[in-house]
$ cat entry22.pdb   # PDB, C-alpha atoms
ATOM      1  CA  ILE A   1     -41.281 -18.435 -42.294
ATOM      2  CA  ASN A   2     -37.871 -17.159 -43.382
ATOM      3  CA  SER A   3     -36.718 -14.724 -46.061
ATOM      4  CA  GLN A   4     -34.831 -15.898 -49.130
ATOM      5  CA  LYS A   5     -32.829 -13.070 -50.750
ATOM      6  CA  SER A   6     -35.715 -10.674 -50.224
ATOM      7  CA  LYS A   7     -35.558  -6.978 -51.109
ATOM      8  CA  VAL A   8     -37.698  -3.886 -50.598
ATOM      9  CA  ASN A   9     -36.968  -0.825 -52.771
ATOM     10  CA  ASN A  10     -33.659  -2.412 -53.813
ATOM     11  CA  SER A  11     -32.626  -2.806 -50.166
ATOM     12  CA  ASN A  12     -31.870  -6.145 -48.531
ATOM     13  CA  LEU A  13     -34.658  -7.439 -46.298
ATOM     14  CA  ASN A  14     -34.189 -10.290 -43.857
ATOM     15  CA  TYR A  15     -37.026 -11.668 -41.763
ATOM     16  CA  THR A  16     -38.053 -14.665 -39.741
ATOM     17  CA  GLY A  17     -41.339 -15.404 -38.054
ATOM     18  CA  GLN A  18     -44.151 -17.756 -37.269
ATOM     19  CA  ILE A  19     -47.915 -17.821 -37.652
ATOM     20  CA  ASN A  20     -50.311 -19.640 -35.335
ATOM     21  CA  LEU A  21     -53.751 -20.376 -36.722
ATOM     22  CA  ASP A  22     -55.775 -21.295 -33.631
ATOM     23  CA  PRO A  23     -55.998 -18.689 -32.277
ATOM     24  CA  PHE A  24     -54.586 -16.609 -35.114
ATOM     25  CA  TYR A  25     -51.402 -14.818 -34.086
ATOM     26  CA  PHE A  26     -48.181 -13.874 -35.867
ATOM     27  CA  ASN A  27     -44.732 -12.794 -34.756
ATOM     28  CA  PHE A  28     -42.000 -11.498 -37.082
ATOM     29  CA  ASP A  29     -38.489 -10.134 -36.655
ATOM     30  CA  SER A  30     -37.051  -8.307 -39.655
ATOM     31  CA  GLU A  31     -34.044  -6.223 -40.653
ATOM     32  CA  ILE A  32     -33.851  -3.703 -43.505
ATOM     33  CA  GLU A  33     -30.488  -2.560 -44.827
ATOM     34  CA  LYS A  34     -31.670   0.964 -45.692
ATOM     35  CA  LEU A  35     -34.955   2.829 -45.970
ATOM     36  CA  SER A  36     -35.847   6.078 -47.742
ATOM     37  CA  LEU A  37     -38.493   8.087 -45.906
ATOM     38  CA  LYS A  38     -38.843  10.333 -48.962
ATOM     39  CA  LYS A  39     -40.027   7.366 -51.031
ATOM     40  CA  ILE A  40     -42.568   6.474 -48.357
ATOM     41  CA  TYR A  41     -43.885  10.055 -48.279
ATOM     42  CA  LYS A  42     -44.358   9.932 -52.052
ATOM     43  CA  LYS A  43     -46.463   6.784 -51.645
ATOM     44  CA  ILE A  44     -48.310   7.869 -48.511
ATOM     45  CA  ILE A  45     -51.684   7.225 -50.179
ATOM     46  CA  ILE A  46     -50.781   3.529 -50.357
ATOM     47  CA  VAL A  47     -49.982   3.535 -46.643
ATOM     48  CA  GLU A  48     -53.283   5.257 -45.933
ATOM     49  CA  GLN A  49     -55.310   2.719 -47.903
ATOM     50  CA  LEU A  50     -53.445  -0.161 -46.281
ATOM     51  CA  ILE A  51     -54.331   1.174 -42.830
ATOM     52  CA  LYS A  52     -57.975   1.796 -43.751
ATOM     53  CA  ASN A  53     -58.683  -1.426 -45.606
ATOM     54  CA  PHE A  54     -56.447  -3.981 -43.923
ATOM     55  CA  PHE A  55     -55.179  -2.886 -40.499
ATOM     56  CA  PHE A  56     -57.887  -0.701 -39.005
ATOM     57  CA  GLY A  57     -60.806  -2.545 -37.454
ATOM     58  CA  ASN A  58     -59.533  -5.984 -38.487
ATOM     59  CA  ASP A  59     -60.418  -8.167 -35.484
ATOM     60  CA  SER A  60     -58.619 -11.187 -36.945
ATOM     61  CA  LEU A  61     -55.292  -9.376 -37.120
ATOM     62  CA  ASN A  62     -53.288 -10.032 -33.946
ATOM     63  CA  GLY A  63     -49.535 -10.116 -33.679
ATOM     64  CA  ASP A  64     -46.211  -8.349 -33.371
ATOM     65  CA  ILE A  65     -43.681  -7.161 -35.934
ATOM     66  CA  LYS A  66     -40.212  -5.909 -35.027
ATOM     67  CA  ILE A  67     -38.270  -4.053 -37.726
ATOM     68  CA  LYS A  68     -34.614  -3.039 -37.431
ATOM     69  CA  ILE A  69     -33.627  -0.316 -39.902
ATOM     70  CA  ASN A  70     -29.873  -0.005 -40.264
ATOM     71  CA  ASN A  71     -29.861   3.243 -42.216
ATOM     72  CA  PHE A  72     -32.358   5.989 -43.064
ATOM     73  CA  GLU A  73     -31.155   6.733 -46.569
ATOM     74  CA  ASN A  74     -30.261  10.371 -47.404
ATOM     75  CA  ASN A  75     -31.670  11.650 -44.108
ATOM     76  CA  ARG A  76     -29.667  14.376 -42.372
ATOM     77  CA  PHE A  77     -31.379  13.879 -39.017
ATOM     78  CA  LEU A  78     -32.210  10.192 -38.491
ATOM     79  CA  LYS A  79     -29.568   7.478 -38.343
ATOM     80  CA  ASP A  80     -31.181   4.087 -37.607
ATOM     81  CA  GLY A  81     -34.010   2.625 -35.597
ATOM     82  CA  ASN A  82     -35.925  -0.271 -34.098
ATOM     83  CA  PHE A  83     -39.661  -0.297 -34.761
ATOM     84  CA  ASN A  84     -42.255  -2.248 -32.769
ATOM     85  CA  LEU A  85     -45.667  -2.812 -34.346
ATOM     86  CA  GLU A  86     -48.381  -4.410 -32.216
ATOM     87  CA  PHE A  87     -51.740  -5.448 -33.681
ATOM     88  CA  LYS A  88     -54.397  -6.254 -31.103
ATOM     89  CA  ASN A  89     -58.167  -5.904 -30.654
ATOM     90  CA  LYS A  90     -58.799  -4.050 -33.944
ATOM     91  CA  LYS A  91     -56.083  -1.504 -33.153
ATOM     92  CA  PHE A  92     -52.347  -1.206 -33.550
ATOM     93  CA  ASN A  93     -49.564   0.913 -32.111
ATOM     94  CA  ILE A  94     -45.803   1.428 -32.335
ATOM     95  CA  ASP A  95     -45.053   1.871 -28.627
ATOM     96  CA  GLY A  96     -41.447   1.197 -27.685
ATOM     97  CA  THR A  97     -40.122   2.201 -31.107
ATOM     98  CA  LYS A  98     -36.667   3.797 -30.776
ATOM     99  CA  ILE A  99     -34.909   5.920 -33.398
ATOM    100  CA  ILE A 100     -31.286   7.035 -33.167
ATOM    101  CA  VAL A 101     -30.587  10.627 -34.203
ATOM    102  CA  SER A 102     -27.537  11.389 -36.341
ATOM    103  CA  LYS A 103     -24.290  12.796 -34.878
ATOM    104  CA  ASP A 104     -24.960  10.839 -31.663
ATOM    105  CA  ILE A 105     -27.340  13.578 -30.523
ATOM    106  CA  GLY A 106     -29.687  11.138 -28.832
ATOM    107  CA  LEU A 107     -32.647   8.880 -29.408
ATOM    108  CA  PHE A 108     -36.405   9.138 -29.775
ATOM    109  CA  GLU A 109     -38.711   6.715 -27.997
ATOM    110  CA  ILE A 110     -42.376   6.562 -28.961
ATOM    111  CA  LYS A 111     -44.990   6.058 -26.233
ATOM    112  CA  ASN A 112     -48.790   6.043 -25.964
ATOM    113  CA  SER A 113     -49.266   5.824 -29.711
ATOM    114  CA  ASN A 114     -52.628   5.253 -31.377
ATOM    115  CA  ILE A 115     -54.222   5.451 -34.794
ATOM    116  CA  ASN A 116     -57.801   6.561 -35.327
ATOM    117  CA  LEU A 117     -60.117   6.956 -38.270
ATOM    118  CA  LYS A 118     -62.054  10.233 -38.073
ATOM    119  CA  GLN A 119     -64.161  11.664 -40.899
ATOM    120  CA  ASN A 120     -62.411   9.214 -43.214
ATOM    121  CA  GLU A 121     -58.989  10.596 -42.280
ATOM    122  CA  VAL A 122     -56.277   8.441 -40.688
ATOM    123  CA  LEU A 123     -54.864  10.193 -37.621
ATOM    124  CA  PHE A 124     -51.731   9.095 -35.751
ATOM    125  CA  ASN A 125     -50.927  10.482 -32.292
ATOM    126  CA  CYS A 126     -48.126   9.697 -29.883
ATOM    127  CA  GLN A 127     -45.874  10.968 -27.138
ATOM    128  CA  VAL A 128     -42.170  11.229 -27.972
ATOM    129  CA  ASP A 129     -39.388  11.194 -25.385
ATOM    130  CA  PHE A 130     -36.141  12.571 -26.819
ATOM    131  CA  GLU A 131     -33.168  11.493 -24.699
ATOM    132  CA  ILE A 132     -30.217  13.824 -25.255
ATOM    133  CA  ILE A 133     -26.865  12.028 -25.336
ATOM    134  CA  ASN A 134     -24.649  14.766 -26.776
ATOM    135  CA  GLN A 135     -25.795  18.254 -25.740
ATOM    136  CA  SER A 136     -23.129  20.048 -27.770
ATOM    137  CA  ASN A 137     -24.177  18.374 -31.027
ATOM    138  CA  PHE A 138     -27.851  18.964 -30.224
ATOM    139  CA  TYR A 139     -27.344  22.705 -29.752
ATOM    140  CA  LYS A 140     -25.132  22.997 -32.837
ATOM    141  CA  THR A 141     -27.591  21.075 -35.009
ATOM    142  CA  PHE A 142     -30.596  23.187 -33.994
ATOM    143  CA  LEU A 143     -28.573  26.447 -33.835
ATOM    144  CA  ILE A 144     -29.688  27.290 -30.306
ATOM    145  CA  PRO A 145     -28.137  30.627 -29.137
ATOM    146  CA  LYS A 146     -25.522  30.153 -26.413
ATOM    147  CA  ASN A 147     -27.417  32.313 -23.932
ATOM    148  CA  LYS A 148     -30.432  29.990 -24.242
ATOM    149  CA  ARG A 149     -28.575  26.716 -23.669
ATOM    150  CA  ILE A 150     -29.186  24.770 -20.468
ATOM    151  CA  ASP A 151     -28.089  21.489 -18.940
ATOM    152  CA  LEU A 152     -30.390  19.289 -21.037
ATOM    153  CA  SER A 153     -31.089  15.592 -20.458
ATOM    154  CA  ASN A 154     -34.349  15.099 -22.333
ATOM    155  CA  LEU A 155     -37.110  16.787 -24.273
ATOM    156  CA  SER A 156     -40.640  15.380 -24.613
ATOM    157  CA  PHE A 157     -43.552  16.426 -26.796
ATOM    158  CA  TYR A 158     -46.640  15.152 -28.590
ATOM    159  CA  VAL A 159     -46.869  14.400 -32.293
ATOM    160  CA  ASN A 160     -50.071  14.561 -34.332
ATOM    161  CA  TYR A 161     -49.757  13.200 -37.854
ATOM    162  CA  ASN A 162     -52.588  13.194 -40.386
ATOM    163  CA  VAL A 163     -51.712  10.331 -42.734
ATOM    164  CA  THR A 164     -54.433  11.355 -45.198
ATOM    165  CA  THR A 165     -53.214  14.935 -45.666
ATOM    166  CA  ASN A 166     -49.566  14.142 -44.837
ATOM    167  CA  GLU A 167     -49.411  16.900 -42.205
ATOM    168  CA  MET A 168     -47.487  16.624 -38.938
ATOM    169  CA  PHE A 169     -47.589  18.911 -35.909
ATOM    170  CA  ILE A 170     -45.677  18.991 -32.605
ATOM    171  CA  SER A 171     -47.156  20.338 -29.384
ATOM    172  CA  ASP A 172     -46.862  20.506 -25.571
ATOM    173  CA  PRO A 173     -43.059  20.376 -25.248
ATOM    174  CA  ARG A 174     -41.512  19.697 -21.835
ATOM    175  CA  ILE A 175     -37.894  19.724 -20.683
ATOM    176  CA  ASN A 176     -35.912  17.496 -18.282
ATOM    177  CA  ASP A 177     -38.828  15.331 -17.066
ATOM    178  CA  SER A 178     -40.806  18.383 -15.992
ATOM    179  CA  GLU A 179     -44.609  18.270 -16.114
ATOM    180  CA  LYS A 180     -44.603  21.942 -17.106
ATOM    181  CA  THR A 181     -45.510  22.662 -20.728
ATOM    182  CA  ILE A 182     -42.980  25.137 -22.127
ATOM    183  CA  LEU A 183     -44.831  26.344 -25.219
ATOM    184  CA  PHE A 184     -48.604  26.254 -25.696
ATOM    185  CA  THR A 185     -48.465  27.007 -29.415
ATOM    186  CA  LYS A 186     -48.234  23.987 -31.678
ATOM    187  CA  SER A 187     -45.724  23.916 -34.494
ATOM    188  CA  ALA A 188     -46.323  24.708 -38.136
ATOM    189  CA  ASN A 189     -46.684  21.697 -40.405
ATOM    190  CA  ILE A 190     -43.363  19.844 -40.081
ATOM    191  CA  ASN A 191     -42.631  18.957 -43.699
ATOM    192  CA  LYS A 192     -39.166  20.529 -43.910
ATOM    193  CA  TRP A 193     -36.092  20.488 -41.692
ATOM    194  CA  VAL A 194     -36.313  24.249 -41.122
ATOM    195  CA  HIS A 195     -39.799  23.898 -39.585
ATOM    196  CA  LEU A 196     -38.519  21.485 -36.938
ATOM    197  CA  LYS A 197     -35.458  23.651 -36.254
ATOM    198  CA  ASN A 198     -37.583  26.764 -35.853
ATOM    199  CA  TYR A 199     -39.968  25.116 -33.407
ATOM    200  CA  ILE A 200     -37.149  23.755 -31.256
ATOM    201  CA  ASN A 201     -35.707  27.266 -31.156
ATOM    202  CA  GLN A 202     -39.070  28.648 -30.039
ATOM    203  CA  ILE A 203     -39.056  26.243 -27.098
ATOM    204  CA  PHE A 204     -35.698  27.451 -25.825
ATOM    205  CA  SER A 205     -36.454  31.107 -26.527
ATOM    206  CA  VAL A 206     -39.338  31.061 -23.985
ATOM    207  CA  TYR A 207     -37.881  28.607 -21.460
ATOM    208  CA  ASP A 208     -37.270  30.254 -18.094
ATOM    209  CA  GLY A 209     -36.388  27.219 -16.007
TER     210      GLY A 209
END

$ encode --input "entry22.pdb" --output "structure tokens"
Amino acid sequence: INSQKSKVNNSNLNYTGQINLDPFYFNFDSEIEKLSLKKIYKKIIIVEQLIKNFFFGNDSLNGDIKIKINNFENNRFLKDGNFNLEFKNKKFNIDGTKIIVSKDIGLFEIKNSNINLKQNEVLFNCQVDFEIINQSNFYKTFLIPKNKRIDLSNLSFYVNYNVTTNEMFISDPRINDSEKTILFTKSANINKWVHLKNYINQIFSVYDG
């Protein structure tokens, strides 16, 4: 199966893939010119219903989808990314997904991701490893005070996202491959840039090495 001048939200979409029927399995590689996360947030109820009624608990759905996004449209923080979606045994995850942060700050890699249905709410959880490539740009972007800056190679934390309520929280941050949790308080709901910036600042304000 190949795309023929396909578009999604007025953005070019190219894909190629194959479907095996016995046993049923699919594999697709796709590339999207640009993607607006704001538009997805506005239609999050559609995503929720898709997960509940089509993806979750569907034992006949097995396969892999790889999506390359060349540009996160009108996003001050995210630049581009490569998403991996694996559907297997009535579950699916996005392990191995990598997202490049703007200004060459670094990249996110998603690990140990899972989606659950609890009390009719769709819950997404994962571990995020944030590899820092440009420390200077990282500290300038998050406005970290100079006396709190360290030699930083990576930052890891957990993300809990309630798809139903569209609420996202960050918790258990760790620095430079350490097993030590820096901050035991989870973030406020991350629905604005300032919330993420404030939480990152909290991490460095209490870090003592």

$ closest_residue --input "entry22.pdb" --among "A:Met168, A:Ile200, A:Ile105, A:Ile100" --to "Tyr41 of chain A" --atoms "only C-alpha atoms"
A:Met168

$ residues_around --input "entry22.pdb" --residues "Gly81 of chain A" --least-positions-apart "2" --cutoff "8 Å" --atoms "all atoms listed in the file" --output "list of chain:residue names"
A:Lys68, A:Ile69, A:Asn70, A:Asn71, A:Lys79, A:Phe83, A:Thr97, A:Lys98, A:Ile99, A:Ile100

$ write_last_selection --input "entry22.pdb" --atoms "C-alpha atoms" --output "short mmCIF file (atom, residue, chain, number, x, y, z; two decimals), in the frame of the given file"
data_model
loop_
_atom_site.label_atom_id
_atom_site.label_comp_id
_atom_site.auth_asym_id
_atom_site.auth_seq_id
_atom_site.Cartn_x
_atom_site.Cartn_y
_atom_site.Cartn_z
CA LYS A 68 -34.61 -3.04 -37.43
CA ILE A 69 -33.63 -0.32 -39.90
CA ASN A 70 -29.87 0.00 -40.26
CA ASN A 71 -29.86 3.24 -42.22
CA LYS A 79 -29.57 7.48 -38.34
CA PHE A 83 -39.66 -0.30 -34.76
CA THR A 97 -40.12 2.20 -31.11
CA LYS A 98 -36.67 3.80 -30.78
CA ILE A 99 -34.91 5.92 -33.40
CA ILE A 100 -31.29 7.04 -33.17
#

$ closest_residue --input "entry22.pdb" --among "A:Lys103, A:Lys118, A:Lys111, A:Lys39" --to "Thr164 of chain A" --atoms "all atoms listed in the file"
A:Lys118

$ closest_residue --input "entry22.pdb" --among "A:Ile46, A:Leu13, A:Ala188, A:Leu107" --to "Ile67 of chain A" --atoms "all atoms listed in the file"
A:Leu13

$ resolve_selection --input "entry22.pdb" --expression "the PyMOL selection byres ((chain A and resi 113) around 8)" --output "list in words"
Asn93, Ile94, Asp95, Ile110, Lys111, Asn112, Asn114, Ile115, Phe124, Asn125, Cys126 and Gln127 of chain A

$ axis_aligned_box --input "entry22.pdb" --around "segment 105-116 of chain A" --padding-each-side "4 Å" --output "AutoDock Vina command-line options"
--center_x -42.6 --center_y 9.4 --center_z -30.6 --size_x 38.5 --size_y 16.3 --size_z 17.4

$ build_atoms --input "entry22.pdb" --residues "segment 45-64 of chain A" --atoms "N, CA, C and O atoms" --output "PDB file, in the coordinates of the input"
ATOM      1  N   ILE A  45     -50.308   7.643 -49.921  1.00  0.00           N
ATOM      2  CA  ILE A  45     -51.684   7.225 -50.179  1.00  0.00           C
ATOM      3  C   ILE A  45     -51.828   5.706 -50.104  1.00  0.00           C
ATOM      4  O   ILE A  45     -52.866   5.188 -49.687  1.00  0.00           O
ATOM      5  N   ILE A  46     -50.762   4.995 -50.460  1.00  0.00           N
ATOM      6  CA  ILE A  46     -50.781   3.529 -50.357  1.00  0.00           C
ATOM      7  C   ILE A  46     -50.799   3.116 -48.891  1.00  0.00           C
ATOM      8  O   ILE A  46     -51.523   2.206 -48.495  1.00  0.00           O
ATOM      9  N   VAL A  47     -49.999   3.807 -48.079  1.00  0.00           N
ATOM     10  CA  VAL A  47     -49.982   3.535 -46.643  1.00  0.00           C
ATOM     11  C   VAL A  47     -51.350   3.801 -46.035  1.00  0.00           C
ATOM     12  O   VAL A  47     -51.858   3.003 -45.231  1.00  0.00           O
ATOM     13  N   GLU A  48     -51.970   4.903 -46.444  1.00  0.00           N
ATOM     14  CA  GLU A  48     -53.283   5.257 -45.933  1.00  0.00           C
ATOM     15  C   GLU A  48     -54.319   4.180 -46.259  1.00  0.00           C
ATOM     16  O   GLU A  48     -55.091   3.749 -45.391  1.00  0.00           O
ATOM     17  N   GLN A  49     -54.335   3.727 -47.497  1.00  0.00           N
ATOM     18  CA  GLN A  49     -55.310   2.719 -47.903  1.00  0.00           C
ATOM     19  C   GLN A  49     -55.056   1.374 -47.217  1.00  0.00           C
ATOM     20  O   GLN A  49     -55.996   0.646 -46.893  1.00  0.00           O
ATOM     21  N   LEU A  50     -53.791   1.071 -46.987  1.00  0.00           N
ATOM     22  CA  LEU A  50     -53.445  -0.161 -46.281  1.00  0.00           C
ATOM     23  C   LEU A  50     -53.987  -0.130 -44.862  1.00  0.00           C
ATOM     24  O   LEU A  50     -54.539  -1.117 -44.361  1.00  0.00           O
ATOM     25  N   ILE A  51     -53.825   1.021 -44.194  1.00  0.00           N
ATOM     26  CA  ILE A  51     -54.331   1.174 -42.830  1.00  0.00           C
ATOM     27  C   ILE A  51     -55.847   1.074 -42.806  1.00  0.00           C
ATOM     28  O   ILE A  51     -56.434   0.361 -41.982  1.00  0.00           O
ATOM     29  N   LYS A  52     -56.515   1.772 -43.726  1.00  0.00           N
ATOM     30  CA  LYS A  52     -57.975   1.796 -43.751  1.00  0.00           C
ATOM     31  C   LYS A  52     -58.582   0.435 -44.063  1.00  0.00           C
ATOM     32  O   LYS A  52     -59.533  -0.013 -43.406  1.00  0.00           O
ATOM     33  N   ASN A  53     -58.036  -0.234 -45.071  1.00  0.00           N
ATOM     34  CA  ASN A  53     -58.683  -1.426 -45.606  1.00  0.00           C
ATOM     35  C   ASN A  53     -58.173  -2.747 -45.043  1.00  0.00           C
ATOM     36  O   ASN A  53     -58.835  -3.781 -45.193  1.00  0.00           O
ATOM     37  N   PHE A  54     -56.996  -2.713 -44.401  1.00  0.00           N
ATOM     38  CA  PHE A  54     -56.447  -3.981 -43.923  1.00  0.00           C
ATOM     39  C   PHE A  54     -56.180  -3.989 -42.423  1.00  0.00           C
ATOM     40  O   PHE A  54     -56.532  -4.932 -41.722  1.00  0.00           O
ATOM     41  N   PHE A  55     -55.556  -2.910 -41.907  1.00  0.00           N
ATOM     42  CA  PHE A  55     -55.179  -2.886 -40.499  1.00  0.00           C
ATOM     43  C   PHE A  55     -56.317  -2.455 -39.588  1.00  0.00           C
ATOM     44  O   PHE A  55     -56.632  -3.124 -38.607  1.00  0.00           O
ATOM     45  N   PHE A  56     -56.939  -1.313 -39.925  1.00  0.00           N
ATOM     46  CA  PHE A  56     -57.887  -0.701 -39.005  1.00  0.00           C
ATOM     47  C   PHE A  56     -59.186  -1.503 -38.904  1.00  0.00           C
ATOM     48  O   PHE A  56     -59.830  -1.809 -39.898  1.00  0.00           O
ATOM     49  N   GLY A  57     -59.549  -1.839 -37.683  1.00  0.00           N
ATOM     50  CA  GLY A  57     -60.806  -2.545 -37.454  1.00  0.00           C
ATOM     51  C   GLY A  57     -60.797  -4.008 -37.824  1.00  0.00           C
ATOM     52  O   GLY A  57     -61.850  -4.665 -37.836  1.00  0.00           O
ATOM     53  N   ASN A  58     -59.629  -4.572 -38.110  1.00  0.00           N
ATOM     54  CA  ASN A  58     -59.533  -5.984 -38.487  1.00  0.00           C
ATOM     55  C   ASN A  58     -59.366  -6.824 -37.224  1.00  0.00           C
ATOM     56  O   ASN A  58     -58.286  -6.923 -36.658  1.00  0.00           O
ATOM     57  N   ASP A  59     -60.472  -7.446 -36.759  1.00  0.00           N
ATOM     58  CA  ASP A  59     -60.418  -8.167 -35.484  1.00  0.00           C
ATOM     59  C   ASP A  59     -59.690  -9.498 -35.581  1.00  0.00           C
ATOM     60  O   ASP A  59     -59.433 -10.147 -34.564  1.00  0.00           O
ATOM     61  N   SER A  60     -59.351  -9.931 -36.794  1.00  0.00           N
ATOM     62  CA  SER A  60     -58.619 -11.187 -36.945  1.00  0.00           C
ATOM     63  C   SER A  60     -57.109 -10.968 -37.043  1.00  0.00           C
ATOM     64  O   SER A  60     -56.347 -11.926 -37.164  1.00  0.00           O
ATOM     65  N   LEU A  61     -56.709  -9.697 -36.981  1.00  0.00           N
ATOM     66  CA  LEU A  61     -55.292  -9.376 -37.120  1.00  0.00           C
ATOM     67  C   LEU A  61     -54.682  -9.147 -35.736  1.00  0.00           C
ATOM     68  O   LEU A  61     -54.903  -8.120 -35.105  1.00  0.00           O
ATOM     69  N   ASN A  62     -53.935 -10.123 -35.254  1.00  0.00           N
ATOM     70  CA  ASN A  62     -53.288 -10.032 -33.946  1.00  0.00           C
ATOM     71  C   ASN A  62     -51.854 -10.525 -34.057  1.00  0.00           C
ATOM     72  O   ASN A  62     -51.598 -11.628 -34.555  1.00  0.00           O
ATOM     73  N   GLY A  63     -50.926  -9.689 -33.601  1.00  0.00           N
ATOM     74  CA  GLY A  63     -49.535 -10.116 -33.679  1.00  0.00           C
ATOM     75  C   GLY A  63     -48.563  -8.986 -33.433  1.00  0.00           C
ATOM     76  O   GLY A  63     -48.945  -7.862 -33.091  1.00  0.00           O
ATOM     77  N   ASP A  64     -47.288  -9.303 -33.605  1.00  0.00           N
ATOM     78  CA  ASP A  64     -46.211  -8.349 -33.371  1.00  0.00           C
ATOM     79  C   ASP A  64     -45.201  -8.416 -34.511  1.00  0.00           C
ATOM     80  O   ASP A  64     -44.874  -9.503 -34.997  1.00  0.00           O
TER      81      ASP A  64
END
